[in-house]
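Content type PDB, C-alpha atoms, from the file target_8.pdb:
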```
ATOM      1  CA  MET A  28      73.356  99.483  98.160  1.00  0.00           C
ATOM      2  CA  LYS A  29      73.228 100.794  94.609  1.00  0.00           C
ATOM      3  CA  TYR A  30      70.360 103.119  95.546  1.00  0.00           C
ATOM      4  CA  LEU A  31      72.258 104.458  98.542  1.00  0.00           C
ATOM      5  CA  LEU A  32      75.211 105.351  96.316  1.00  0.00           C
ATOM      6  CA  TRP A  33      72.910 107.167  93.887  1.00  0.00           C
ATOM      7  CA  LEU A  34      71.319 109.005  96.818  1.00  0.00           C
ATOM      8  CA  LEU A  35      74.754 110.036  98.091  1.00  0.00           C
ATOM      9  CA  LYS A  36      75.814 111.224  94.629  1.00  0.00           C
ATOM     10  CA  ALA A  37      72.587 113.226  94.265  1.00  0.00           C
ATOM     11  CA  ALA A  38      73.107 114.831  97.687  1.00  0.00           C
ATOM     12  CA  ILE A  39      76.670 115.841  96.776  1.00  0.00           C
ATOM     13  CA  PHE A  40      75.501 117.227  93.423  1.00  0.00           C
ATOM     14  CA  PHE A  41      72.738 119.318  94.997  1.00  0.00           C
ATOM     15  CA  ALA A  42      75.086 120.590  97.715  1.00  0.00           C
ATOM     16  CA  LEU A  43      77.603 121.717  95.081  1.00  0.00           C
ATOM     17  CA  PHE A  44      74.805 123.213  92.974  1.00  0.00           C
ATOM     18  CA  ALA A  45      73.532 125.210  95.972  1.00  0.00           C
ATOM     19  CA  PHE A  46      77.110 126.322  96.676  1.00  0.00           C
ATOM     20  CA  ALA A  47      77.449 127.557  93.092  1.00  0.00           C
ATOM     21  CA  LEU A  48      74.163 129.432  93.266  1.00  0.00           C
ATOM     22  CA  ASN A  49      75.152 131.155  96.515  1.00  0.00           C
ATOM     23  CA  ASN A  50      78.549 132.310  95.176  1.00  0.00           C
ATOM     24  CA  GLN A  51      77.753 134.033  91.903  1.00  0.00           C
ATOM     25  CA  GLN A  52      79.277 137.423  92.753  1.00  0.00           C
ATOM     26  CA  ASN A  53      82.382 138.435  90.821  1.00  0.00           C
ATOM     27  CA  ALA A  54      85.852 138.117  92.266  1.00  0.00           C
ATOM     28  CA  THR A  55      89.014 139.691  90.887  1.00  0.00           C
ATOM     29  CA  VAL A  56      92.135 137.560  90.882  1.00  0.00           C
ATOM     30  CA  ASN A  57      95.355 139.573  90.589  1.00  0.00           C
ATOM     31  CA  PHE A  58      98.304 137.834  88.969  1.00  0.00           C
ATOM     32  CA  LEU A  59     101.906 138.944  88.556  1.00  0.00           C
ATOM     33  CA  PHE A  60     102.871 141.876  86.334  1.00  0.00           C
ATOM     34  CA  GLY A  61      99.568 143.680  86.818  1.00  0.00           C
ATOM     35  CA  TYR A  62      97.404 141.083  85.081  1.00  0.00           C
ATOM     36  CA  ALA A  63      93.939 140.680  86.631  1.00  0.00           C
ATOM     37  CA  LEU A  64      91.047 138.372  85.852  1.00  0.00           C
ATOM     38  CA  THR A  65      87.441 138.849  86.990  1.00  0.00           C
ATOM     39  CA  LEU A  66      85.402 135.652  87.297  1.00  0.00           C
ATOM     40  CA  PRO A  67      82.454 134.406  89.355  1.00  0.00           C
ATOM     41  CA  LEU A  68      83.575 133.398  92.830  1.00  0.00           C
ATOM     42  CA  VAL A  69      82.464 129.787  92.403  1.00  0.00           C
ATOM     43  CA  LEU A  70      84.753 129.388  89.362  1.00  0.00           C
ATOM     44  CA  VAL A  71      87.694 130.840  91.290  1.00  0.00           C
ATOM     45  CA  ILE A  72      87.120 128.415  94.178  1.00  0.00           C
ATOM     46  CA  LEU A  73      86.566 125.343  91.996  1.00  0.00           C
ATOM     47  CA  GLY A  74      89.505 126.267  89.759  1.00  0.00           C
ATOM     48  CA  SER A  75      91.764 126.609  92.794  1.00  0.00           C
ATOM     49  CA  PHE A  76      90.618 123.217  94.037  1.00  0.00           C
ATOM     50  CA  ALA A  77      91.256 121.597  90.640  1.00  0.00           C
ATOM     51  CA  LEU A  78      94.706 123.190  90.356  1.00  0.00           C
ATOM     52  CA  GLY A  79      95.604 121.976  93.852  1.00  0.00           C
ATOM     53  CA  ALA A  80      94.460 118.438  93.040  1.00  0.00           C
ATOM     54  CA  VAL A  81      96.503 118.383  89.819  1.00  0.00           C
ATOM     55  CA  LEU A  82      99.603 119.689  91.581  1.00  0.00           C
ATOM     56  CA  GLY A  83      99.170 117.112  94.351  1.00  0.00           C
ATOM     57  CA  VAL A  84      99.030 114.288  91.825  1.00  0.00           C
ATOM     58  CA  LEU A  85     102.098 115.613  89.998  1.00  0.00           C
ATOM     59  CA  VAL A  86     104.055 115.752  93.255  1.00  0.00           C
ATOM     60  CA  MET A  87     103.134 112.121  94.046  1.00  0.00           C
ATOM     61  CA  VAL A  88     104.028 110.666  90.617  1.00  0.00           C
ATOM     62  CA  PRO A  89     107.767 110.125  91.347  1.00  0.00           C
ATOM     63  CA  ARG A  90     106.954 108.257  94.573  1.00  0.00           C
ATOM     64  CA  TRP A  91     104.390 106.086  92.780  1.00  0.00           C
ATOM     65  CA  TRP A  92     106.946 105.236  90.105  1.00  0.00           C
ATOM     66  CA  ARG A  93     109.557 104.353  92.737  1.00  0.00           C
ATOM     67  CA  GLN A  94     107.098 102.153  94.641  1.00  0.00           C
ATOM     68  CA  ARG A  95     106.046 100.446  91.435  1.00  0.00           C
ATOM     69  CA  ARG A  96     109.690  99.755  90.555  1.00  0.00           C
ATOM     70  CA  ASP A  97     110.330  98.401  94.060  1.00  0.00           C
ATOM     71  CA  ALA A  98     107.287  96.136  93.775  1.00  0.00           C
ATOM     72  CA  GLN A  99     108.521  94.786  90.444  1.00  0.00           C
ATOM     73  CA  VAL A 100     111.935  94.044  91.952  1.00  0.00           C
ATOM     74  CA  ALA A 101     110.263  92.250  94.864  1.00  0.00           C
ATOM     75  CA  GLN A 102     108.117  90.217  92.467  1.00  0.00           C
ATOM     76  CA  LYS A 103     111.247  89.168  90.552  1.00  0.00           C
ATOM     77  CA  GLN A 104     112.872  88.047  93.787  1.00  0.00           C
ATOM     78  CA  VAL A 105     109.794  86.038  94.728  1.00  0.00           C
ATOM     79  CA  ARG A 106     109.722  84.362  91.309  1.00  0.00           C
ATOM     80  CA  HIS A 107     113.407  83.425  91.597  1.00  0.00           C
ATOM     81  CA  VAL A 108     112.919  81.975  95.068  1.00  0.00           C
ATOM     82  CA  GLU A 109     109.825  80.045  93.968  1.00  0.00           C
ATOM     83  CA  GLN A 110     111.689  78.734  90.935  1.00  0.00           C
ATOM     84  CA  ALA A 111     114.629  77.689  93.089  1.00  0.00           C
ATOM     85  CA  LEU A 112     112.338  75.924  95.551  1.00  0.00           C
ATOM     86  CA  ALA A 113     110.483  74.184  92.732  1.00  0.00           C
ATOM     87  CA  THR A 114     113.711  72.838  91.218  1.00  0.00           C
ATOM     88  CA  GLY A 115     115.041  71.768  94.589  1.00  0.00           C
ATOM     89  CA  ALA A 116     118.080  74.039  94.424  1.00  0.00           C
ATOM     90  CA  PRO A 117     119.439  75.352  97.697  1.00  0.00           C
ATOM     91  CA  ARG A 118     118.390  78.862  98.527  1.00  0.00           C
ATOM     92  CA  SER A 119     121.917  80.224  98.175  1.00  0.00           C
ATOM     93  CA  GLU A 120     122.026  79.112  94.522  1.00  0.00           C
ATOM     94  CA  ALA A 121     119.015  81.202  93.515  1.00  0.00           C
ATOM     95  CA  PRO A 122     119.987  83.913  91.011  1.00  0.00           C
ATOM     96  CA  ALA A 123     120.410  87.319  92.575  1.00  0.00           C
ATOM     97  CA  GLU A 124     119.550  89.662  89.698  1.00  0.00           C
ATOM     98  CA  ALA A 125     117.658  92.147  91.817  1.00  0.00           C
ATOM     99  CA  PRO A 126     119.745  94.587  93.838  1.00  0.00           C
ATOM    100  CA  ALA A 127     119.560  94.696  97.598  1.00  0.00           C
ATOM    101  CA  PRO A 128     116.974  97.136  98.974  1.00  0.00           C
ATOM    102  CA  ASP A 129     118.143 100.660  99.616  1.00  0.00           C
ATOM    103  CA  LEU A 130     118.295 100.666 103.406  1.00  0.00           C
ATOM    104  CA  GLU A 131     119.569 104.237 103.579  1.00  0.00           C
ATOM    105  CA  ARG A 132     116.284 105.467 102.107  1.00  0.00           C
ATOM    106  CA  HIS A 133     114.433 104.075 105.148  1.00  0.00           C
ATOM    107  CA  LYS A 134     116.325 106.526 107.346  1.00  0.00           C
ATOM    108  CA  THR A 135     115.148 109.558 105.377  1.00  0.00           C
ATOM    109  CA  ASP A 136     111.695 108.530 104.089  1.00  0.00           C
ATOM    110  CA  PRO A 137     109.286 108.060 107.017  1.00  0.00           C
ATOM    111  CA  SER A 138     106.520 106.688 104.750  1.00  0.00           C
ATOM    112  CA  LEU A 139     108.444 103.460 104.092  1.00  0.00           C
ATOM    113  CA  PRO A 140     107.683 100.615 106.510  1.00  0.00           C
ATOM    114  CA  ILE A 141     110.535  98.910 108.306  1.00  0.00           C
ATOM    115  CA  HIS A 142     110.305  95.111 108.356  1.00  0.00           C
ATOM    116  CA  TYR A 143     112.094  93.170 111.057  1.00  0.00           C
ATOM    117  CA  GLY A 144     113.003  89.546 110.557  1.00  0.00           C
ATOM    118  CA  PRO A 145     112.704  87.292 107.508  1.00  0.00           C
TER     119      PRO A 145
END
```
Can you dump the structure from the file as structure tokens?
Amino acid sequence: MKYLLWLLKAAIFFALFAFALNNQQNATVNFLFGYALTLPLVLVILGSFALGAVLGVLVMVPRWWRQRRDAQVAQKQVRHVEQALATGAPRSEAPAEAPAPDLERHKTDPSLPIHYGP
């Protein structure tokens, strides 16, 4: 399996290397206010890809933080329920430090799953 991964990595490297060799002609990128930059075409394409990947990650960071916070709240609730069950306390006496889930967000955010039942 390790050799197959190395073979796949080598194939991707050689494909990108061939792409770079075939796109060495210069391309002019015009920015705002009359500023222009002339670079090899392969650098323009790879730079655009890198900028798009960075912007995509930056756009996803707030959602990742929110999901991480929600997971921490859920873990706290699980710990409280487990602690209550271990001590033999009724379920209604378990501490309710964590707020109830934001059900309104489910109506506007289609990426959140909807769970039915307990």
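Note that atom CA of A:Leu70 and atom CA of A:Ile39 are 17.4 Å apart.
As for atom CA of A:Phe46 and atom CA of A:Val69, they are spaced 7.7 Å apart.
The interatomic distance for the pair atom CA of A:Phe44 and atom CA of A:Ala80 works out to 20.2 Å.
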Residues near A:Asn50, cut-off 12 Å, only C-alpha atoms, skip fewer than 6 positions along chain, as a PyMOL selection string: chain A and resi 43-44+66-73
How would the residues just picked look written out with C-alpha atoms as a short mmCIF file (atom, residue, chain, number, x, y, z; two decimals), in the frame of the given file?
```cif
data_model
loop_
_atom_site.label_atom_id
_atom_site.label_comp_id
_atom_site.auth_asym_id
_atom_site.auth_seq_id
_atom_site.Cartn_x
_atom_site.Cartn_y
_atom_site.Cartn_z
CA LEU A 43 77.60 121.72 95.08
CA PHE A 44 74.81 123.21 92.97
CA LEU A 66 85.40 135.65 87.30
CA PRO A 67 82.45 134.41 89.36
CA LEU A 68 83.58 133.40 92.83
CA VAL A 69 82.46 129.79 92.40
CA LEU A 70 84.75 129.39 89.36
CA VAL A 71 87.69 130.84 91.29
CA ILE A 72 87.12 128.42 94.18
CA LEU A 73 86.57 125.34 92.00
#
```
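Once the PyMOL selection byres ((chain A and resi 65) around 8) is applied to the shown structure, the selection contains Asn53, Ala54, Thr55, Val56, Ala63, Leu64, Leu66 and Pro67 of chain A.
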Where's the centre, and what are the edge lengths in Å to one decimal, of a box along x, y and z enclosing all listed atoms of stretch 70-76 of chain A padded 6 Å per side, as JSON?
```
{"center_x": 88.3, "center_y": 127.0, "center_z": 91.8, "size_x": 19.0, "size_y": 19.6, "size_z": 16.8}
```
